[in-house]
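Input: a single structure, listed below in structure tokens.
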Amino acid sequence: MSESPRNPAGPGNALGRVPAPSGDPDGSRHGHDPASGPVPPPRDPADPRQWCAVAAAWLGRDRPEAALEAARRALDLDPRSESGADWGYRLASLAFERLGRDAEAVAAAEEAVRLAPGSWAARMRLGAALRRVPGRWRESRAQAARAVRYAPEEPDPHVLAGDLALLRGEYGLAEAAYREALRHLPGHPGARINLGLAQLRWERPRVHHDPAWPVDPRETSRARRALETWSRQTRILLAAALVAVCAAEFGFGLAAVARIGGGLILLAVLAITLRQAHRVRLWSYVPGMLARDLWLSTSVSITLVAVTAYVAVVATLPTEIPPLLHTPVSGAPGAVWAGLAGLVLLNGAVLLVLRVLVEAWRGRPGRALAEFAAAGDDRTARRDVNVTLWLVAGRVWSVPVAVVVAVAVLDERSWALAALAVPLVLGWARGRVGPAPALTRALASDRVLAAALALPASASVLLGAAGVATLLGFAPVGEWVWWAGIVLLALPVAMFATRSIRAWWRGAPGPWRASLVMCDGRGSRLPGDAAPPVGLSGEVRAAFTYARGVVLAYADPSGPRALAVGAVSSVGPSGELRLIAASDAWEAAERDPRVAVFVADPLDRRFWAEVRGIAIGDTEADLLRITPKEVVVGEYPGRHQGRAHRG
């Protein structure tokens with residue numbers, strides 16, 4: 001017995017790829033890729049399934065407008081969608097989604113599920129459409145879970161489940177889902193790219209918003225902007241006010257004016273606070289937003305600390321500038337006052353440096369690069385490779401900088417030997433990634449990025465050499481080499497700043513973590529929810545229609561079981577089987593909906609057919625509705641050698 005492919009082989013079934021016009025089957029004569037050229041019309045304009053195939057081909061060329069028109073032609077020819085079941089509605093939903101018409105995409109997907117409730121592709125399409133609708137993330141996850149349950153052997157439902165987990169920051173669940181998808185299809189680009197993002201601990205742009213919240217993310221975004229505006233305006237105002245207070249006190253000796261003016265600034269802070277608080281209309285979600293968004297909570301916290309520090313600085317304003325740079329500070333204010341003043345003035349710069357370092361050290365970029373490189377020549381993978389290499393450059397740069405700081409604090413040049421670990425670790429990481437043409441191309445095409453990686457490594461070698469020279473008694477040489485390494489460390493900072501300003505000015509992706517993007521599945525490879533449904537050939541339909549010896553096989557806690565059904569109640573136009581079955585079969589279908597139905601041809605006893613599909617109970621009609629996934633047809637051994645063939 002041999003299994004048929006998941007696409008049925010009968011006439012009128014799905015065309016996996018619309019052929020090019022006759023006389024030029026591969027499009028090579030015109031010198032272009034056939035996947036990017038026009039799609040020929042169907043050979044039979046009255047066949048809705050062929051129009052669906054045309055719609056799928058247009059989607060493969062990322063032409064959703066043309067795909068939607070073809071899908072509508074299919075649905076107009078078959079209003080009840082009998083010949084293609086849910087296929088036309090699934091294609092229309094996918095086209096609507098790519099056009100940004102999310103409500104219509106959901107409506108079409110819901111119609112597809114109504115027509116074929118046991119179709120994993122319809123469940124996946126509905127889950128993918130629902131994830132774009134605010135407040136319906138839980139429904140989306142439920143549909144994705146059903147798709148995985150109906151077709152665990154298919155990679156795309158696992159990818160959808162992983163995407164939903166990744167969007168919520170559930171990195172462990174996302175990695176498990178992507179690895180399961182890659183187990184079934186190692187070359188799946190979406191699973192590869194998004195697995196790399198999960199390993200990087202990627203955060204989507206609206207990280208403050210939990211997709212499971214029943215609220216529009218635009219509302220929480222407004223609340224976030226109000227909190228950020230309050231934090232930014234307050235910190236800038238306090239820094240400017242402190243400069244003015246110090247100038248009045250230390251420059252003109254106006255101590256009373258400085259203290260009174262500094263105190264009045266707090267009224268302006270109160271006005272800013274009240275104004276921005278009025279714009280936050282979702283206070284019940286603010287604690288959750290702060291818990292999810294590290295940098296939002298850090299910004300709010302440091303603002304509160306800055307206000308407290310400002311009050312303390314103004315209240316303990318000394319009569320002269322503390323001579324911190326050349327003598328110890330005397331008196332109570334002393335170093336504490338200077339530290340608090342520095343916190344008010346420099347908190348923005350400190351926060352920026354801290355954010356750059358934390359984002360560079362978050363996740364596992366080596367493993368992520370290996371996954372991006374395995375995705376092949378994908379546009380999204382190329383972009384993520386470039387951004388990840390900048391993150392690696394930031395990580396490489398921070399190590400020798402830490403060594404320089406340690407040497408300065410400890411006043412012991414021998415600690416510079418630790419910088420030699422940088423090139424060793426880089427070589428080890430490159431060996432783990434293995435041969436990766438994508439990385440080579442990225443570095444060859446972006447010399448600034450290559451230099452940003454090479455300069456810190458070279459600086460580490462120079463710093464380590466300075467430490468060795470000092471230990472061997474060549475202090476003058478070590479001093480020269482030491483300062484050369486420090487100069488090399490300054491160059492990547494200028495490169496990063498230049499690239500960042502250039503990207504900001506052009507509105508292009510910059511060398512920062514926020515430029516990482518998920519794979520959205522667009523391109524020539526269509527997701528599984530665009531796949532054609534499995535139908536039944538004429539002989540299989542006849543066998544199920546007239547046979548009186550139908551057997552239903554299903555899983556039971558004690559093992560596989562078979563139940564004589566007697567007869568199929570009906571066979572739907574789309575190939576759906578409707579059975580009258582006992583209660584134990586209903587209970588088994590609820591536990592595991594994957595079943596198989598066997599039938600023998602009533603006219604030719606050597607002919608048999610097996611339909612493997614998903615059983616869904618229809619309580620109103622008291623029937624089990626079985627949506628086919630695979631069809632196997634064969635002959636019992638007889639005078640000739642028994643064989644199986646596709647149905």
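So you can find residues: chains in the structure tokens are A, B, ... in the order shown, residues in each start at 1, and ligands are numbered from 1 in order.
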
For region 237-253 of chain A, find every residue with an atom within 8 Å (counting only C-alpha atoms), except residues of its own chain fewer than 4 positions away, and show them as a ChimeraX atom specification. /A:233,257-259,261-262,265,269,306-307,310,314,319-321,341,344-345

File dump, residues just selected, N, CA and C atoms, as a tab-separated table (two decimals), in the first residue's frame:
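Contents of part-v2.tsv, freshly written:
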```tsv
chain	number	residue	atom	x	y	z
A	233	GLN	N	10.82	65.11	29.28
A	233	GLN	CA	10.69	66.53	29.59
A	233	GLN	C	11.11	66.83	31.02
A	257	VAL	N	18.28	83.37	45.79
A	257	VAL	CA	17.58	83.31	44.49
A	257	VAL	C	17.71	81.91	43.88
A	258	ALA	N	18.88	81.31	43.99
A	258	ALA	CA	19.10	79.98	43.42
A	258	ALA	C	18.18	78.95	44.07
A	259	ARG	N	18.07	79.01	45.40
A	259	ARG	CA	17.23	78.02	46.08
A	259	ARG	C	15.75	78.24	45.77
A	261	GLY	N	14.43	79.80	43.13
A	261	GLY	CA	14.18	79.45	41.72
A	261	GLY	C	14.21	77.95	41.50
A	262	GLY	N	15.17	77.27	42.15
A	262	GLY	CA	15.22	75.81	42.02
A	262	GLY	C	13.98	75.14	42.57
A	265	ILE	N	10.94	75.41	40.18
A	265	ILE	CA	11.00	74.49	39.03
A	265	ILE	C	10.16	73.24	39.30
A	269	VAL	N	7.54	70.91	37.04
A	269	VAL	CA	7.54	69.44	36.96
A	269	VAL	C	6.15	68.90	37.29
A	306	ALA	N	15.81	60.98	39.62
A	306	ALA	CA	16.35	62.30	39.28
A	306	ALA	C	15.62	63.41	40.02
A	307	VAL	N	14.30	63.29	40.16
A	307	VAL	CA	13.53	64.30	40.90
A	307	VAL	C	13.99	64.33	42.36
A	310	TYR	N	17.40	65.87	42.55
A	310	TYR	CA	17.35	67.32	42.34
A	310	TYR	C	16.92	68.04	43.61
A	314	VAL	N	19.33	70.81	45.52
A	314	VAL	CA	18.94	72.19	45.77
A	314	VAL	C	18.87	72.47	47.27
A	319	THR	N	28.15	76.48	49.20
A	319	THR	CA	28.49	77.87	48.88
A	319	THR	C	29.57	77.99	47.83
A	320	GLU	N	30.29	76.89	47.58
A	320	GLU	CA	31.32	76.91	46.53
A	320	GLU	C	31.35	75.56	45.83
A	321	ILE	N	31.94	75.54	44.65
A	321	ILE	CA	31.99	74.31	43.87
A	321	ILE	C	32.86	73.29	44.59
A	341	ALA	N	24.27	65.59	41.86
A	341	ALA	CA	24.23	66.55	40.76
A	341	ALA	C	24.58	65.89	39.44
A	344	VAL	N	21.60	63.99	38.12
A	344	VAL	CA	20.59	64.84	37.48
A	344	VAL	C	21.03	65.27	36.09
A	345	LEU	N	22.32	65.57	35.93
A	345	LEU	CA	22.82	66.12	34.67
A	345	LEU	C	23.10	65.05	33.62
```

As a short mmCIF file (atom, residue, chain, number, x, y, z; two decimals) with all heavy atoms, in the first residue's frame, please: the residues near Arg232 (chain A) (cut-off 9 Å, only C-alpha atoms, same-chain neighbours under 6 positions excluded).
```
data_model
loop_
_atom_site.label_atom_id
_atom_site.label_comp_id
_atom_site.auth_asym_id
_atom_site.auth_seq_id
_atom_site.Cartn_x
_atom_site.Cartn_y
_atom_site.Cartn_z
N SER A 299 13.30 54.12 32.36
CA SER A 299 13.16 55.56 32.15
C SER A 299 12.29 56.20 33.23
O SER A 299 12.63 57.26 33.77
CB SER A 299 12.56 55.82 30.77
OG SER A 299 12.37 57.19 30.54
N THR A 303 13.69 58.72 36.25
CA THR A 303 13.10 60.06 36.37
C THR A 303 12.71 60.33 37.82
O THR A 303 12.96 61.43 38.35
CB THR A 303 11.88 60.18 35.46
OG1 THR A 303 12.27 59.92 34.11
CG2 THR A 303 11.28 61.57 35.53
N GLY A 348 20.67 60.88 31.24
CA GLY A 348 20.31 60.51 29.87
C GLY A 348 21.44 59.81 29.15
O GLY A 348 21.23 58.79 28.48
#
```

So which residues of region 100-346 of chain A fall under alpha helix (DSSP H) by DSSP, listed as JSON, numbers by chain? {"A": [102, 103, 104, 105, 106, 107, 108, 109, 110, 111, 112, 113, 114, 115, 120, 121, 122, 123, 124, 125, 126, 127, 128, 129, 130, 137, 138, 139, 140, 141, 142, 143, 144, 145, 146, 147, 148, 149, 150, 155, 156, 157, 158, 159, 160, 161, 162, 163, 164, 165, 166, 167, 171, 172, 173, 174, 175, 176, 177, 178, 179, 180, 181, 182, 183, 184, 189, 190, 191, 192, 193, 194, 195, 196, 197, 198, 199, 217, 218, 219, 220, 221, 222, 223, 224, 225, 226, 227, 228, 229, 230, 231, 232, 233, 234, 235, 236, 237, 238, 239, 240, 241, 242, 243, 244, 245, 246, 255, 256, 257, 258, 259, 260, 261, 262, 263, 264, 265, 266, 267, 268, 269, 270, 271, 272, 273, 274, 275, 276, 277, 278, 279, 286, 287, 288, 289, 290, 291, 292, 294, 295, 296, 297, 298, 299, 300, 301, 302, 303, 304, 305, 306, 307, 308, 309, 310, 311, 312, 313, 314, 315, 334, 335, 336, 337, 338, 339, 340, 341, 342, 343, 344, 345, 346]}

Rounded to one decimal, what separation in Å do you get between CA of Trp505 (chain A) and CA of Ile236 (chain A)?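 Between CA of Trp505 (chain A) and CA of Ile236 (chain A) the gap is 23.2 Å.
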
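CA of Pro211 (chain A) is positioned 17.1 Å from CA of Gly172 (chain A).
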
Selected residue of minimal separation from Glu630 (chain A) among A:Ala452, A:Ser119, A:Gly162, A:Trp480, counting only C-alpha atoms: A:Ser119

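Shortest atom-to-atom contact with Trp608 (chain A) among A:Ala129, A:Val407, A:Ala177, A:Ala543: A:Ala543, counting only C-alpha atoms.
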
Find the spatial neighbours of Ala46 (chain A), counting only C-alpha atoms, within a cut-off of 10 Å - ignore same-chain residues fewer than 5 positions away - and output them as a ChimeraX atom specification. /A:51,73-74,77-78

CA of Arg201 (chain A) to CA of Gly363 (chain A): how many Å, to one decimal?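 CA of Gly363 (chain A) lies at a distance of 5.2 Å from CA of Arg201 (chain A).
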
Excluding same-chain residues fewer than 4 positions from region 182-193 of chain A, what lies within 9 Å of it counting only C-alpha atoms, as a PyMOL selection string? chain A and resi 153-156+158-159+162-163+177-178+197-198+368+371-376+378+380-381+384+518-521

Can you write out the residues you just picked, keeping C-alpha atoms, as a compact mmCIF listing (two decimals), in the first residue's frame?
```
# COMPACT_ATOMS: atom_id res chain seq x y z
CA GLU A 153 3.32 16.52 10.56
CA GLU A 154 2.99 19.90 8.81
CA PRO A 155 5.64 22.56 9.55
CA ASP A 156 3.57 25.71 9.04
CA HIS A 158 4.20 24.91 14.27
CA VAL A 159 5.68 28.09 12.78
CA GLY A 162 6.06 29.81 17.40
CA ASP A 163 5.31 33.26 15.96
CA ALA A 177 7.75 25.22 18.05
CA TYR A 178 10.32 26.31 15.47
CA LEU A 197 15.20 35.94 16.67
CA ALA A 198 14.03 33.82 19.60
CA ALA A 368 21.17 33.29 15.79
CA GLU A 371 20.11 30.09 11.86
CA PHE A 372 20.00 33.22 9.70
CA ALA A 373 22.78 31.83 7.52
CA ALA A 374 20.92 28.52 7.14
CA ALA A 375 17.87 30.40 5.79
CA GLY A 376 19.69 30.92 2.50
CA ASP A 378 16.40 35.40 2.02
CA THR A 380 14.83 39.17 5.77
CA ALA A 381 17.70 36.87 6.74
CA ASP A 384 18.91 40.28 10.33
CA MET A 518 10.41 38.61 11.71
CA CYS A 519 9.91 36.57 8.57
CA ASP A 520 6.34 37.25 7.44
CA GLY A 521 6.20 34.34 4.98
```

Just the residues within 8 Å of Pro423 (chain A), please, counting only C-alpha atoms, with nothing from its chain fewer than 5 positions along; format it as a PDB file with N, CA and C atoms, in the first residue's frame.
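New file selection-v6.pdb:
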```pdb
ATOM      1  N   ALA A 457      38.848  43.925  17.847  1.00  0.00           N
ATOM      2  CA  ALA A 457      39.699  42.750  17.989  1.00  0.00           C
ATOM      3  C   ALA A 457      41.175  43.151  17.912  1.00  0.00           C
ATOM      4  N   SER A 460      42.175  44.824  21.072  1.00  0.00           N
ATOM      5  CA  SER A 460      42.388  43.852  22.148  1.00  0.00           C
ATOM      6  C   SER A 460      43.783  43.250  22.074  1.00  0.00           C
ATOM      7  N   VAL A 461      44.237  42.986  20.852  1.00  0.00           N
ATOM      8  CA  VAL A 461      45.594  42.448  20.695  1.00  0.00           C
ATOM      9  C   VAL A 461      46.628  43.465  21.159  1.00  0.00           C
TER      10      VAL A 461
END
```

As a VMD selection string, please: every residue in region 581-636 of chain A that a backbone DSSP assignment puts in strand (DSSP E or B). chain A and resid 594 to 600 607 to 618 623 to 635

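Shortest atom-to-atom contact with Gly169 (chain A) among A:Glu203, A:Glu139, A:Glu65, A:Asp592: A:Glu203, counting only C-alpha atoms.
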
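Of the residues listed (A:Arg447, A:Lys629, A:Arg136, A:Arg594), A:Arg594 shows the shortest atom-to-atom separation from Ala615 (chain A); distances use only C-alpha atoms.
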